[in-house]
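Q: Next up, my_file36.cif (mmCIF, C-alpha atoms and all ligand atoms).
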data_entry
loop_
_atom_site.label_atom_id
_atom_site.label_comp_id
_atom_site.auth_asym_id
_atom_site.auth_seq_id
_atom_site.Cartn_x
_atom_site.Cartn_y
_atom_site.Cartn_z
CA MET Z 1 0.00 0.00 0.00
CA LEU Z 2 1.07 3.57 -0.62
CA ALA Z 3 2.12 5.27 2.63
CA ASN Z 4 3.85 8.45 3.74
CA LEU Z 5 6.93 8.61 5.97
CA ASN Z 6 4.92 9.15 9.14
CA THR Z 7 3.10 5.84 8.66
CA LEU Z 8 6.40 4.08 8.01
CA PHE Z 9 8.08 5.68 11.04
CA ALA Z 10 5.19 4.48 13.22
CA GLU Z 11 5.50 0.98 11.76
CA LYS Z 12 9.29 0.83 12.30
CA LYS Z 13 8.97 2.08 15.90
CA ASP Z 14 12.52 2.87 17.09
CA ARG Z 15 14.45 1.45 14.13
CA ALA Z 16 15.48 3.05 10.83
CA LEU Z 17 13.50 2.71 7.64
CA ALA Z 18 15.46 1.99 4.44
CA GLY Z 19 15.01 4.54 1.65
CA PHE Z 20 16.37 3.43 -1.73
CA ASN Z 21 16.99 5.66 -4.73
CA VAL Z 22 15.57 4.02 -7.84
CA TYR Z 23 16.20 4.74 -11.50
CA GLY Z 24 13.36 2.78 -13.04
CA TYR Z 25 11.12 -0.28 -12.96
CA GLU Z 26 13.83 -2.93 -12.57
CA ASP Z 27 15.35 -1.69 -9.31
CA ALA Z 28 12.01 -0.45 -7.92
CA VAL Z 29 10.19 -3.77 -8.30
CA SER Z 30 13.20 -5.68 -6.92
CA ILE Z 31 13.22 -3.46 -3.80
CA VAL Z 32 9.48 -3.85 -3.28
CA ARG Z 33 9.88 -7.67 -3.50
CA ALA Z 34 12.75 -7.48 -0.97
CA ALA Z 35 10.53 -5.49 1.41
CA GLU Z 36 7.73 -8.04 0.94
CA ASP Z 37 10.15 -10.92 1.58
CA LEU Z 38 10.93 -9.32 4.97
CA ASN Z 39 7.40 -8.02 5.58
CA GLU Z 40 8.80 -4.51 6.12
CA GLY Z 41 7.89 -1.06 4.85
CA VAL Z 42 10.29 0.74 2.51
CA ALA Z 43 10.71 4.08 0.71
CA LEU Z 44 11.30 4.29 -3.06
CA MET Z 45 13.02 7.59 -3.80
CA VAL Z 46 13.45 9.59 -7.01
CA ASN Z 47 16.49 11.85 -7.03
CA ARG Z 48 17.42 14.59 -9.48
CA ASP Z 49 19.38 12.26 -11.80
CA ALA Z 50 16.42 9.90 -12.05
CA ALA Z 51 14.00 12.79 -12.58
CA GLU Z 52 16.18 14.13 -15.39
CA HIS Z 53 16.11 10.71 -17.05
CA ILE Z 54 12.38 9.99 -16.55
CA PRO Z 55 9.85 12.80 -15.96
CA LEU Z 56 8.05 12.67 -12.60
CA SER Z 57 4.80 12.27 -14.53
CA CYS Z 58 6.13 8.92 -15.87
CA ILE Z 59 8.08 7.44 -12.97
CA GLY Z 60 5.58 8.68 -10.36
CA PRO Z 61 2.61 6.59 -11.56
CA LEU Z 62 4.91 3.56 -12.07
CA LEU Z 63 6.19 3.67 -8.48
CA ILE Z 64 2.78 4.57 -7.05
CA SER Z 65 1.25 1.58 -8.79
CA LEU Z 66 3.99 -0.73 -7.40
CA ALA Z 67 3.38 0.75 -3.94
CA ARG Z 68 -0.41 0.32 -4.12
CA GLU Z 69 -0.09 -3.32 -5.12
CA ALA Z 70 2.59 -4.15 -2.52
CA CYS Z 71 1.61 -6.12 0.60
CA VAL Z 72 3.79 -3.82 2.73
CA PRO Z 73 3.63 -0.03 3.16
CA VAL Z 74 5.73 1.76 0.53
CA ALA Z 75 6.48 5.49 0.41
CA VAL Z 76 7.05 7.11 -2.98
CA HIS Z 77 9.38 9.97 -2.13
CA LEU Z 78 10.86 12.81 -4.17
CA ASP Z 79 14.48 13.20 -3.02
CA HIS Z 80 16.49 16.47 -3.00
CA ALA Z 81 14.02 18.76 -4.78
CA VAL Z 82 15.47 22.26 -4.92
CA GLU Z 83 12.59 23.88 -6.82
CA LEU Z 84 9.11 24.37 -5.39
CA SER Z 85 7.76 23.59 -8.88
CA SER Z 86 9.13 20.01 -8.70
CA ILE Z 87 7.56 19.58 -5.25
CA ARG Z 88 4.23 20.78 -6.63
CA GLU Z 89 4.50 18.43 -9.60
CA ALA Z 90 5.34 15.44 -7.37
CA ILE Z 91 2.38 16.17 -5.10
CA ASP Z 92 0.07 16.54 -8.12
CA VAL Z 93 1.32 13.23 -9.55
CA GLY Z 94 0.57 11.51 -6.22
CA PHE Z 95 3.94 11.08 -4.48
CA SER Z 96 3.30 10.31 -0.80
CA SER Z 97 6.41 12.13 0.41
CA VAL Z 98 8.80 14.89 -0.67
CA MET Z 99 12.16 16.27 0.37
CA PHE Z 100 12.78 19.96 -0.07
CA ASP Z 101 16.54 20.48 -0.10
CA GLY Z 102 17.26 24.07 0.90
CA SER Z 103 20.65 23.11 2.35
CA ARG Z 104 22.47 25.46 -0.03
CA LEU Z 105 20.21 28.41 0.81
CA GLU Z 106 20.59 30.87 3.65
CA PHE Z 107 18.96 29.53 6.83
CA ALA Z 108 16.04 32.01 6.73
CA GLU Z 109 15.28 31.23 3.09
CA ASN Z 110 15.47 27.49 3.76
CA VAL Z 111 12.93 27.97 6.59
CA GLU Z 112 10.65 30.11 4.44
CA LYS Z 113 10.61 27.78 1.44
CA THR Z 114 10.25 24.68 3.62
CA CYS Z 115 7.20 26.29 5.23
CA GLN Z 116 5.71 26.80 1.75
CA VAL Z 117 6.36 23.13 0.99
CA MET Z 118 4.69 22.15 4.28
CA GLU Z 119 1.61 24.12 3.30
CA MET Z 120 1.38 22.42 -0.10
CA ALA Z 121 2.06 18.95 1.32
CA ARG Z 122 -0.13 19.01 4.44
CA LYS Z 123 -3.35 19.42 2.44
CA LYS Z 124 -2.60 16.20 0.57
CA GLY Z 125 -1.27 14.13 3.48
CA VAL Z 126 2.21 14.17 1.95
CA SER Z 127 5.16 13.95 4.38
CA VAL Z 128 8.03 16.45 4.16
CA GLU Z 129 11.75 15.98 4.71
CA ALA Z 130 14.22 18.89 4.75
CA GLU Z 131 17.98 19.22 5.28
CA ILE Z 132 20.05 21.19 7.77
CA GLY Z 133 23.81 21.28 7.30
CA PHE Z 134 25.02 19.85 4.01
CA VAL Z 135 25.83 16.26 3.05
CA GLY Z 136 28.55 16.51 0.40
CA TYR Z 137 29.24 14.42 -2.69
CA SER Z 138 32.18 12.19 -3.47
CA ASP Z 139 32.14 13.16 -7.20
CA PRO Z 140 34.88 15.68 -7.90
CA VAL Z 141 32.56 17.85 -10.04
CA ALA Z 142 29.91 18.31 -7.34
CA GLN Z 143 30.31 20.58 -4.33
CA PRO Z 144 32.23 18.12 -2.18
CA GLN Z 145 32.48 19.61 1.31
CA ASN Z 146 30.32 18.45 4.20
CA ILE Z 147 28.87 21.15 6.45
CA TYR Z 148 28.04 19.33 9.68
CA THR Z 149 24.66 19.90 11.31
CA GLU Z 150 24.65 22.04 14.44
CA PRO Z 151 22.11 20.82 17.05
CA GLU Z 152 20.86 24.37 17.69
CA ASP Z 153 20.21 24.95 13.95
CA ALA Z 154 18.27 21.67 13.78
CA PHE Z 155 16.21 22.74 16.79
CA VAL Z 156 15.37 26.22 15.47
CA PHE Z 157 14.64 24.85 11.98
CA TYR Z 158 12.24 22.22 13.35
CA GLU Z 159 10.52 24.73 15.65
CA ARG Z 160 9.85 27.02 12.68
CA THR Z 161 8.89 24.43 10.06
CA GLY Z 162 7.50 21.35 11.83
CA VAL Z 163 8.86 19.02 9.15
CA ASP Z 164 8.23 15.27 9.41
CA ALA Z 165 11.88 14.31 8.91
CA LEU Z 166 15.20 16.12 8.93
CA ALA Z 167 18.32 15.11 6.98
CA VAL Z 168 21.47 15.80 8.96
CA SER Z 169 25.15 15.91 8.09
CA ILE Z 170 26.98 13.67 10.55
CA GLY Z 171 29.85 12.25 8.50
CA THR Z 172 28.36 10.54 5.44
CA VAL Z 173 29.04 11.64 1.87
CA HIS Z 174 26.82 10.94 -1.16
CA ARG Z 175 27.83 8.40 -3.83
CA MET Z 176 30.66 6.72 -1.95
CA VAL Z 177 31.60 3.42 -3.57
CA VAL Z 178 33.56 2.17 -0.55
CA GLN Z 179 32.09 1.78 2.97
CA GLU Z 180 34.49 4.17 4.71
CA ALA Z 181 32.36 6.98 6.12
CA SER Z 182 33.35 8.14 9.59
CA ILE Z 183 30.18 8.69 11.64
CA GLN Z 184 29.98 11.34 14.36
CA TYR Z 185 27.82 9.53 16.92
CA ASP Z 186 28.39 12.28 19.44
CA ARG Z 187 26.86 14.82 17.05
CA ILE Z 188 23.84 12.54 16.52
CA SER Z 189 23.32 12.32 20.31
CA ARG Z 190 23.60 16.08 20.71
CA ILE Z 191 21.09 16.68 17.90
CA ARG Z 192 18.70 14.10 19.37
CA GLU Z 193 18.95 15.67 22.82
CA ARG Z 194 18.00 19.05 21.35
CA VAL Z 195 15.24 18.11 18.91
CA ALA Z 196 12.70 15.26 18.62
CA VAL Z 197 12.27 15.27 14.82
CA PRO Z 198 12.94 11.94 13.02
CA LEU Z 199 16.49 12.18 11.62
CA VAL Z 200 17.59 10.99 8.17
CA VAL Z 201 21.08 9.98 7.06
CA HIS Z 202 21.88 10.43 3.37
CA GLY Z 203 24.80 8.91 1.50
CA SER Z 204 24.60 5.66 3.49
CA SER Z 205 26.16 3.45 0.79
CA GLY Z 206 29.47 4.69 2.24
CA VAL Z 207 28.58 3.43 5.74
CA CYS Z 208 30.02 0.07 6.83
CA ASP Z 209 27.54 -2.68 7.79
CA LYS Z 210 28.31 -2.43 11.49
CA ASP Z 211 27.65 1.33 11.47
CA LEU Z 212 24.37 0.87 9.56
CA THR Z 213 23.09 -1.24 12.46
CA ARG Z 214 24.51 1.20 14.98
CA LEU Z 215 22.87 4.20 13.25
CA SER Z 216 19.52 2.42 13.33
CA HIS Z 217 19.99 1.67 17.02
CA ALA Z 218 21.20 5.24 17.69
CA GLY Z 219 17.78 6.63 16.79
CA ILE Z 220 18.21 7.49 13.08
CA ARG Z 221 14.79 6.92 11.49
CA LYS Z 222 15.58 6.79 7.77
CA ILE Z 223 18.74 5.60 6.02
CA ASN Z 224 19.12 6.60 2.36
CA LEU Z 225 20.88 4.17 0.05
CA GLY Z 226 21.35 4.26 -3.71
CA THR Z 227 24.91 3.82 -4.94
CA CYS Z 228 25.33 0.37 -3.35
CA LEU Z 229 22.37 -1.06 -5.32
CA ARG Z 230 23.40 0.66 -8.56
CA LEU Z 231 26.84 -0.94 -8.17
CA VAL Z 232 25.23 -4.38 -7.77
CA PHE Z 233 22.95 -3.83 -10.78
CA GLY Z 234 25.75 -2.47 -12.98
CA LYS Z 235 28.34 -5.11 -12.10
CA THR Z 236 25.88 -8.00 -12.52
CA LEU Z 237 24.66 -6.62 -15.84
CA ARG Z 238 28.24 -6.28 -17.09
CA ARG Z 239 28.93 -9.91 -16.17
CA GLU Z 240 25.72 -11.07 -17.88
CA MET Z 241 26.69 -9.28 -21.06
CA GLU Z 242 30.22 -10.71 -20.99
CA GLU Z 243 28.97 -14.24 -20.35
CA ASN Z 244 26.20 -14.02 -22.97
CA PRO Z 245 27.71 -12.07 -25.87
CA GLU Z 246 24.96 -13.14 -28.30
CA GLU Z 247 22.11 -12.02 -26.04
CA PHE Z 248 20.52 -8.74 -27.09
CA ASP Z 249 17.19 -8.94 -25.25
CA ARG Z 250 17.40 -6.66 -22.27
CA ILE Z 251 14.55 -8.37 -20.42
CA ARG Z 252 16.70 -11.51 -20.26
CA LEU Z 253 19.85 -9.52 -19.46
CA PHE Z 254 18.07 -7.73 -16.59
CA ARG Z 255 16.94 -10.95 -14.82
CA LYS Z 256 20.12 -11.61 -12.83
CA PRO Z 257 20.76 -7.94 -11.94
CA MET Z 258 17.19 -7.71 -10.62
CA GLU Z 259 17.63 -10.84 -8.50
CA GLN Z 260 20.90 -9.48 -7.12
CA VAL Z 261 19.37 -6.06 -6.32
CA ARG Z 262 16.56 -7.82 -4.45
CA GLU Z 263 19.10 -9.77 -2.36
CA ALA Z 264 21.29 -6.70 -1.74
CA ALA Z 265 18.30 -4.59 -0.67
CA LYS Z 266 17.20 -7.36 1.69
CA ALA Z 267 20.69 -7.58 3.21
CA LYS Z 268 20.75 -3.80 3.87
CA MET Z 269 17.24 -3.86 5.38
CA LEU Z 270 18.24 -6.73 7.68
CA LEU Z 271 21.16 -4.65 8.97
CA LEU Z 272 18.71 -1.98 10.16
CA LYS Z 273 16.71 -4.36 12.40
ZN ZN N 1 20.83 12.63 -0.39
#
For the file at hand, write its structure as structure tokens.
Ligand SMILES: [Zn+2]

A:
Amino acid sequence: MLANLNTLFAEKKDRALAGFNVYGYEDAVSIVRAAEDLNEGVALMVNRDAAEHIPLSCIGPLLISLAREACVPVAVHLDHAVELSSIREAIDVGFSSVMFDGSRLEFAENVEKTCQVMEMARKKGVSVEAEIGFVGYSDPVAQPQNIYTEPEDAFVFYERTGVDALAVSIGTVHRMVVQEASIQYDRISRIRERVAVPLVVHGSSGVCDKDLTRLSHAGIRKINLGTCLRLVFGKTLRREMEENPEEFDRIRLFRKPMEQVREAAKAKMLLLK
């Protein structure tokens, strides 16, 4: 069934929900099957790269339909929207959750725009995530530097906006292909002492398995993963193509990568228990 983040947070109680970035049908359906295998809720997320490749008006209905037919609650979440127009479009298409990313704006402007998003989303029962601090990127072309979240900023931001979830910068970096992130557990505790909003960690493909479990147990409520599943899909597909040089039918070539994504998603979800 289609659900927003608040429903999923309630279902997960004091453990973290897995949010996976998806680029299309193949990874999305594999993740939903993984969630069903474990009888757990999950979030399917569309980031800017995916939205540039497939318009929200196309991928939205696809994911929403998968969510509606799933036997577990599934959120369909727009990730890292920087324009209010994309938020509006996602809500119109039927996304159950959105993230407004004002992390590169001045604090006051981030508050103001997030409040506008809250107003749009509340009417439709759509949950809202925002970001305080800045989670950097490992790609050399993107703005790489992390700006760590200050507990006081998180508190003031939540007081003024009332968002459903808050992404914080506590040591992870987006798109890491090795699990080497150094997590600042002390910062997480200080943020949690100051503010009761559900916290989200982005860039979690770079977090080692032990730390994924620890983050879930440390009160993080959503863990975003994407790169790790894309690596599994890409590597398995490459092997399939090398082993079957005559095969040209992508439906057959996608079978193994989809199975492997399902297993990898399940393994990550099990780490959050
Ligand atoms: Zn992110």

Q: Please, what distance in Å, to one decimal, runs between CA of Arg194 in chain Z and CA of Gly219 in chain Z?

A: 13.2 Å

Q: Between Z:Gly19, Z:Pro55, Z:Pro73, Z:Gly41, which one has atoms that come closest to ligand ZN 1 (chain N), using all atoms listed in the file?

A: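 Closest to ligand ZN 1 (chain N) of all the choices is Z:Gly19.
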
Q: Name all residues at most 12 Å from Glu159 in chain Z (count only C-alpha atoms; drop same-chain ones fewer than 6 positions away) and give them as a PyMOL selection string.

A: chain Z and resi 111+115+152-153+166+194-197

Q: Go ahead and write the selection's residues with C-alpha atoms as a CSV table (one decimal), in the coordinates of the input.

A:
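The new file selection_6.csv reads:
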chain,number,residue,atom,x,y,z
Z,111,VAL,CA,12.9,28.0,6.6
Z,115,CYS,CA,7.2,26.3,5.2
Z,152,GLU,CA,20.9,24.4,17.7
Z,153,ASP,CA,20.2,25.0,14.0
Z,166,LEU,CA,15.2,16.1,8.9
Z,194,ARG,CA,18.0,19.0,21.4
Z,195,VAL,CA,15.2,18.1,18.9
Z,196,ALA,CA,12.7,15.3,18.6
Z,197,VAL,CA,12.3,15.3,14.8

Q: Have a look at CA of Arg238 in chain Z and CA of Ser138 in chain Z and let me know their distance in Å, one decimal.

A: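 Calculated distance between CA of Arg238 in chain Z and CA of Ser138 in chain Z is 23.3 Å.
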
Q: Residues of chain Z that approach ligand ZN 1 (chain N) to 8 Å or less, counting only C-alpha atoms and all ligand atoms: could you list each one with the shortest pair of atoms and its distance in Å to one decimal, rows by chain and increasing residue number, as a Markdown table?

A:
| residue | atom | partner | partner_atom | distance |
| --- | --- | --- | --- | --- |
| Z:Asn47 | CA | N:ZN1 | ZN | 8.0 |
| Z:Asp79 | CA | N:ZN1 | ZN | 6.9 |
| Z:His80 | CA | N:ZN1 | ZN | 6.4 |
| Z:Val135 | CA | N:ZN1 | ZN | 7.1 |
| Z:His174 | CA | N:ZN1 | ZN | 6.3 |
| Z:Val201 | CA | N:ZN1 | ZN | 7.9 |
| Z:His202 | CA | N:ZN1 | ZN | 4.5 |
| Z:Gly203 | CA | N:ZN1 | ZN | 5.8 |
| Z:Asn224 | CA | N:ZN1 | ZN | 6.8 |

Q: Suppose we keep C-alpha atoms; can you now write the selection as an mmCIF file, keeping the file's coordinate frame?

A:
data_model
loop_
_atom_site.group_PDB
_atom_site.id
_atom_site.type_symbol
_atom_site.label_atom_id
_atom_site.label_comp_id
_atom_site.auth_asym_id
_atom_site.auth_seq_id
_atom_site.Cartn_x
_atom_site.Cartn_y
_atom_site.Cartn_z
ATOM 1 C CA ASN Z 47 16.490 11.850 -7.030
ATOM 2 C CA ASP Z 79 14.480 13.200 -3.020
ATOM 3 C CA HIS Z 80 16.490 16.470 -3.000
ATOM 4 C CA VAL Z 135 25.830 16.260 3.050
ATOM 5 C CA HIS Z 174 26.820 10.940 -1.160
ATOM 6 C CA VAL Z 201 21.080 9.980 7.060
ATOM 7 C CA HIS Z 202 21.880 10.430 3.370
ATOM 8 C CA GLY Z 203 24.800 8.910 1.500
ATOM 9 C CA ASN Z 224 19.120 6.600 2.360
#

Q: I'd like the contact shell of Lys12 in chain Z - 10 Å cut-off, all atoms listed in the file, skipping same-chain residues fewer than 6 positions apart - returned as a VMD selection string.

A: chain Z and resid 6 40 to 42 221 to 222 273

Q: Please list as a list in words every residue within 9 Å of Ile91 in chain Z, counting all atoms listed in the file and excluding residues in the same chain fewer than 3 positions away.

A: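 So the residues in contact are Ser86, Ile87, Arg88, Gly94, Phe95, Ser96, Ser97, Val98, Met120, Ala121, Lys124 and Val126 of chain Z.
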
Q: What does the distance from CA of Leu272 in chain Z to CA of Ile220 in chain Z come to in Å, to one decimal?

A: 9.9 Å

Q: Counting all atoms listed in the file, which residue out of Z:Ala75, Z:Leu44, Z:Val207, Z:Ala90 sits closest to Glu180 in chain Z?

A: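 Comparing Z:Ala75, Z:Leu44, Z:Val207, Z:Ala90 against Glu180 in chain Z, the winner is Z:Val207.
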
Q: Within 10 Å of (8.5, -5.7, 2.4) (file coordinates; all atoms listed in the file), which protein or nucleic acid residues are there? I'd like them as a list in words.

A: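 Residues found, by chain and rising number: Ile31, Val32, Arg33, Ala34, Ala35, Glu36, Asp37, Leu38, Asn39, Glu40, Gly41, Val42, Ala70, Cys71, Val72, Pro73, Val74, Lys266 and Met269 of chain Z.
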
Q: Grab the residues selected above and save them as a PDB file, keeping the file's coordinate frame with C-alpha atoms.

A:
ATOM      1  CA  ILE Z  31      13.220  -3.460  -3.800  1.00  0.00           C
ATOM      2  CA  VAL Z  32       9.480  -3.850  -3.280  1.00  0.00           C
ATOM      3  CA  ARG Z  33       9.880  -7.670  -3.500  1.00  0.00           C
ATOM      4  CA  ALA Z  34      12.750  -7.480  -0.970  1.00  0.00           C
ATOM      5  CA  ALA Z  35      10.530  -5.490   1.410  1.00  0.00           C
ATOM      6  CA  GLU Z  36       7.730  -8.040   0.940  1.00  0.00           C
ATOM      7  CA  ASP Z  37      10.150 -10.920   1.580  1.00  0.00           C
ATOM      8  CA  LEU Z  38      10.930  -9.320   4.970  1.00  0.00           C
ATOM      9  CA  ASN Z  39       7.400  -8.020   5.580  1.00  0.00           C
ATOM     10  CA  GLU Z  40       8.800  -4.510   6.120  1.00  0.00           C
ATOM     11  CA  GLY Z  41       7.890  -1.060   4.850  1.00  0.00           C
ATOM     12  CA  VAL Z  42      10.290   0.740   2.510  1.00  0.00           C
ATOM     13  CA  ALA Z  70       2.590  -4.150  -2.520  1.00  0.00           C
ATOM     14  CA  CYS Z  71       1.610  -6.120   0.600  1.00  0.00           C
ATOM     15  CA  VAL Z  72       3.790  -3.820   2.730  1.00  0.00           C
ATOM     16  CA  PRO Z  73       3.630  -0.030   3.160  1.00  0.00           C
ATOM     17  CA  VAL Z  74       5.730   1.760   0.530  1.00  0.00           C
ATOM     18  CA  LYS Z 266      17.200  -7.360   1.690  1.00  0.00           C
ATOM     19  CA  MET Z 269      17.240  -3.860   5.380  1.00  0.00           C
TER      20      MET Z 269
END

Q: Give me range 178-260 of chain Z from this structure - C-alpha atoms, as a PDB file, in the first residue's frame.

A:
ATOM      1  CA  VAL Z 178      33.556   2.174  -0.550  1.00  0.00           C
ATOM      2  CA  GLN Z 179      32.091   1.785   2.967  1.00  0.00           C
ATOM      3  CA  GLU Z 180      34.490   4.168   4.711  1.00  0.00           C
ATOM      4  CA  ALA Z 181      32.357   6.984   6.125  1.00  0.00           C
ATOM      5  CA  SER Z 182      33.346   8.141   9.589  1.00  0.00           C
ATOM      6  CA  ILE Z 183      30.185   8.687  11.637  1.00  0.00           C
ATOM      7  CA  GLN Z 184      29.981  11.335  14.364  1.00  0.00           C
ATOM      8  CA  TYR Z 185      27.825   9.530  16.921  1.00  0.00           C
ATOM      9  CA  ASP Z 186      28.392  12.284  19.441  1.00  0.00           C
ATOM     10  CA  ARG Z 187      26.865  14.824  17.048  1.00  0.00           C
ATOM     11  CA  ILE Z 188      23.842  12.538  16.523  1.00  0.00           C
ATOM     12  CA  SER Z 189      23.318  12.321  20.305  1.00  0.00           C
ATOM     13  CA  ARG Z 190      23.595  16.077  20.706  1.00  0.00           C
ATOM     14  CA  ILE Z 191      21.089  16.676  17.895  1.00  0.00           C
ATOM     15  CA  ARG Z 192      18.702  14.104  19.373  1.00  0.00           C
ATOM     16  CA  GLU Z 193      18.948  15.672  22.818  1.00  0.00           C
ATOM     17  CA  ARG Z 194      18.005  19.048  21.354  1.00  0.00           C
ATOM     18  CA  VAL Z 195      15.237  18.106  18.915  1.00  0.00           C
ATOM     19  CA  ALA Z 196      12.700  15.264  18.618  1.00  0.00           C
ATOM     20  CA  VAL Z 197      12.269  15.274  14.818  1.00  0.00           C
ATOM     21  CA  PRO Z 198      12.940  11.939  13.023  1.00  0.00           C
ATOM     22  CA  LEU Z 199      16.488  12.178  11.618  1.00  0.00           C
ATOM     23  CA  VAL Z 200      17.585  10.995   8.166  1.00  0.00           C
ATOM     24  CA  VAL Z 201      21.077   9.980   7.063  1.00  0.00           C
ATOM     25  CA  HIS Z 202      21.877  10.429   3.373  1.00  0.00           C
ATOM     26  CA  GLY Z 203      24.804   8.907   1.503  1.00  0.00           C
ATOM     27  CA  SER Z 204      24.605   5.662   3.494  1.00  0.00           C
ATOM     28  CA  SER Z 205      26.156   3.453   0.793  1.00  0.00           C
ATOM     29  CA  GLY Z 206      29.468   4.689   2.239  1.00  0.00           C
ATOM     30  CA  VAL Z 207      28.578   3.434   5.743  1.00  0.00           C
ATOM     31  CA  CYS Z 208      30.019   0.069   6.831  1.00  0.00           C
ATOM     32  CA  ASP Z 209      27.544  -2.677   7.789  1.00  0.00           C
ATOM     33  CA  LYS Z 210      28.310  -2.428  11.491  1.00  0.00           C
ATOM     34  CA  ASP Z 211      27.649   1.326  11.475  1.00  0.00           C
ATOM     35  CA  LEU Z 212      24.369   0.868   9.560  1.00  0.00           C
ATOM     36  CA  THR Z 213      23.087  -1.242  12.459  1.00  0.00           C
ATOM     37  CA  ARG Z 214      24.512   1.203  14.978  1.00  0.00           C
ATOM     38  CA  LEU Z 215      22.870   4.198  13.254  1.00  0.00           C
ATOM     39  CA  SER Z 216      19.516   2.420  13.331  1.00  0.00           C
ATOM     40  CA  HIS Z 217      19.986   1.670  17.023  1.00  0.00           C
ATOM     41  CA  ALA Z 218      21.204   5.239  17.691  1.00  0.00           C
ATOM     42  CA  GLY Z 219      17.780   6.628  16.793  1.00  0.00           C
ATOM     43  CA  ILE Z 220      18.215   7.487  13.084  1.00  0.00           C
ATOM     44  CA  ARG Z 221      14.789   6.915  11.489  1.00  0.00           C
ATOM     45  CA  LYS Z 222      15.578   6.789   7.766  1.00  0.00           C
ATOM     46  CA  ILE Z 223      18.736   5.603   6.016  1.00  0.00           C
ATOM     47  CA  ASN Z 224      19.116   6.595   2.357  1.00  0.00           C
ATOM     48  CA  LEU Z 225      20.885   4.169   0.045  1.00  0.00           C
ATOM     49  CA  GLY Z 226      21.353   4.258  -3.708  1.00  0.00           C
ATOM     50  CA  THR Z 227      24.909   3.820  -4.941  1.00  0.00           C
ATOM     51  CA  CYS Z 228      25.328   0.375  -3.348  1.00  0.00           C
ATOM     52  CA  LEU Z 229      22.368  -1.057  -5.317  1.00  0.00           C
ATOM     53  CA  ARG Z 230      23.402   0.663  -8.561  1.00  0.00           C
ATOM     54  CA  LEU Z 231      26.837  -0.945  -8.170  1.00  0.00           C
ATOM     55  CA  VAL Z 232      25.229  -4.381  -7.772  1.00  0.00           C
ATOM     56  CA  PHE Z 233      22.955  -3.829 -10.779  1.00  0.00           C
ATOM     57  CA  GLY Z 234      25.750  -2.467 -12.981  1.00  0.00           C
ATOM     58  CA  LYS Z 235      28.336  -5.111 -12.103  1.00  0.00           C
ATOM     59  CA  THR Z 236      25.880  -7.995 -12.523  1.00  0.00           C
ATOM     60  CA  LEU Z 237      24.658  -6.623 -15.837  1.00  0.00           C
ATOM     61  CA  ARG Z 238      28.238  -6.280 -17.094  1.00  0.00           C
ATOM     62  CA  ARG Z 239      28.929  -9.908 -16.170  1.00  0.00           C
ATOM     63  CA  GLU Z 240      25.722 -11.068 -17.877  1.00  0.00           C
ATOM     64  CA  MET Z 241      26.694  -9.277 -21.064  1.00  0.00           C
ATOM     65  CA  GLU Z 242      30.223 -10.707 -20.994  1.00  0.00           C
ATOM     66  CA  GLU Z 243      28.966 -14.238 -20.348  1.00  0.00           C
ATOM     67  CA  ASN Z 244      26.198 -14.020 -22.968  1.00  0.00           C
ATOM     68  CA  PRO Z 245      27.706 -12.073 -25.865  1.00  0.00           C
ATOM     69  CA  GLU Z 246      24.960 -13.139 -28.304  1.00  0.00           C
ATOM     70  CA  GLU Z 247      22.109 -12.022 -26.039  1.00  0.00           C
ATOM     71  CA  PHE Z 248      20.517  -8.743 -27.085  1.00  0.00           C
ATOM     72  CA  ASP Z 249      17.188  -8.944 -25.251  1.00  0.00           C
ATOM     73  CA  ARG Z 250      17.404  -6.663 -22.266  1.00  0.00           C
ATOM     74  CA  ILE Z 251      14.554  -8.366 -20.424  1.00  0.00           C
ATOM     75  CA  ARG Z 252      16.700 -11.514 -20.256  1.00  0.00           C
ATOM     76  CA  LEU Z 253      19.854  -9.524 -19.459  1.00  0.00           C
ATOM     77  CA  PHE Z 254      18.068  -7.734 -16.588  1.00  0.00           C
ATOM     78  CA  ARG Z 255      16.937 -10.950 -14.822  1.00  0.00           C
ATOM     79  CA  LYS Z 256      20.122 -11.615 -12.831  1.00  0.00           C
ATOM     80  CA  PRO Z 257      20.765  -7.937 -11.941  1.00  0.00           C
ATOM     81  CA  MET Z 258      17.191  -7.707 -10.620  1.00  0.00           C
ATOM     82  CA  GLU Z 259      17.629 -10.844  -8.497  1.00  0.00           C
ATOM     83  CA  GLN Z 260      20.900  -9.477  -7.124  1.00  0.00           C
TER      84      GLN Z 260
END
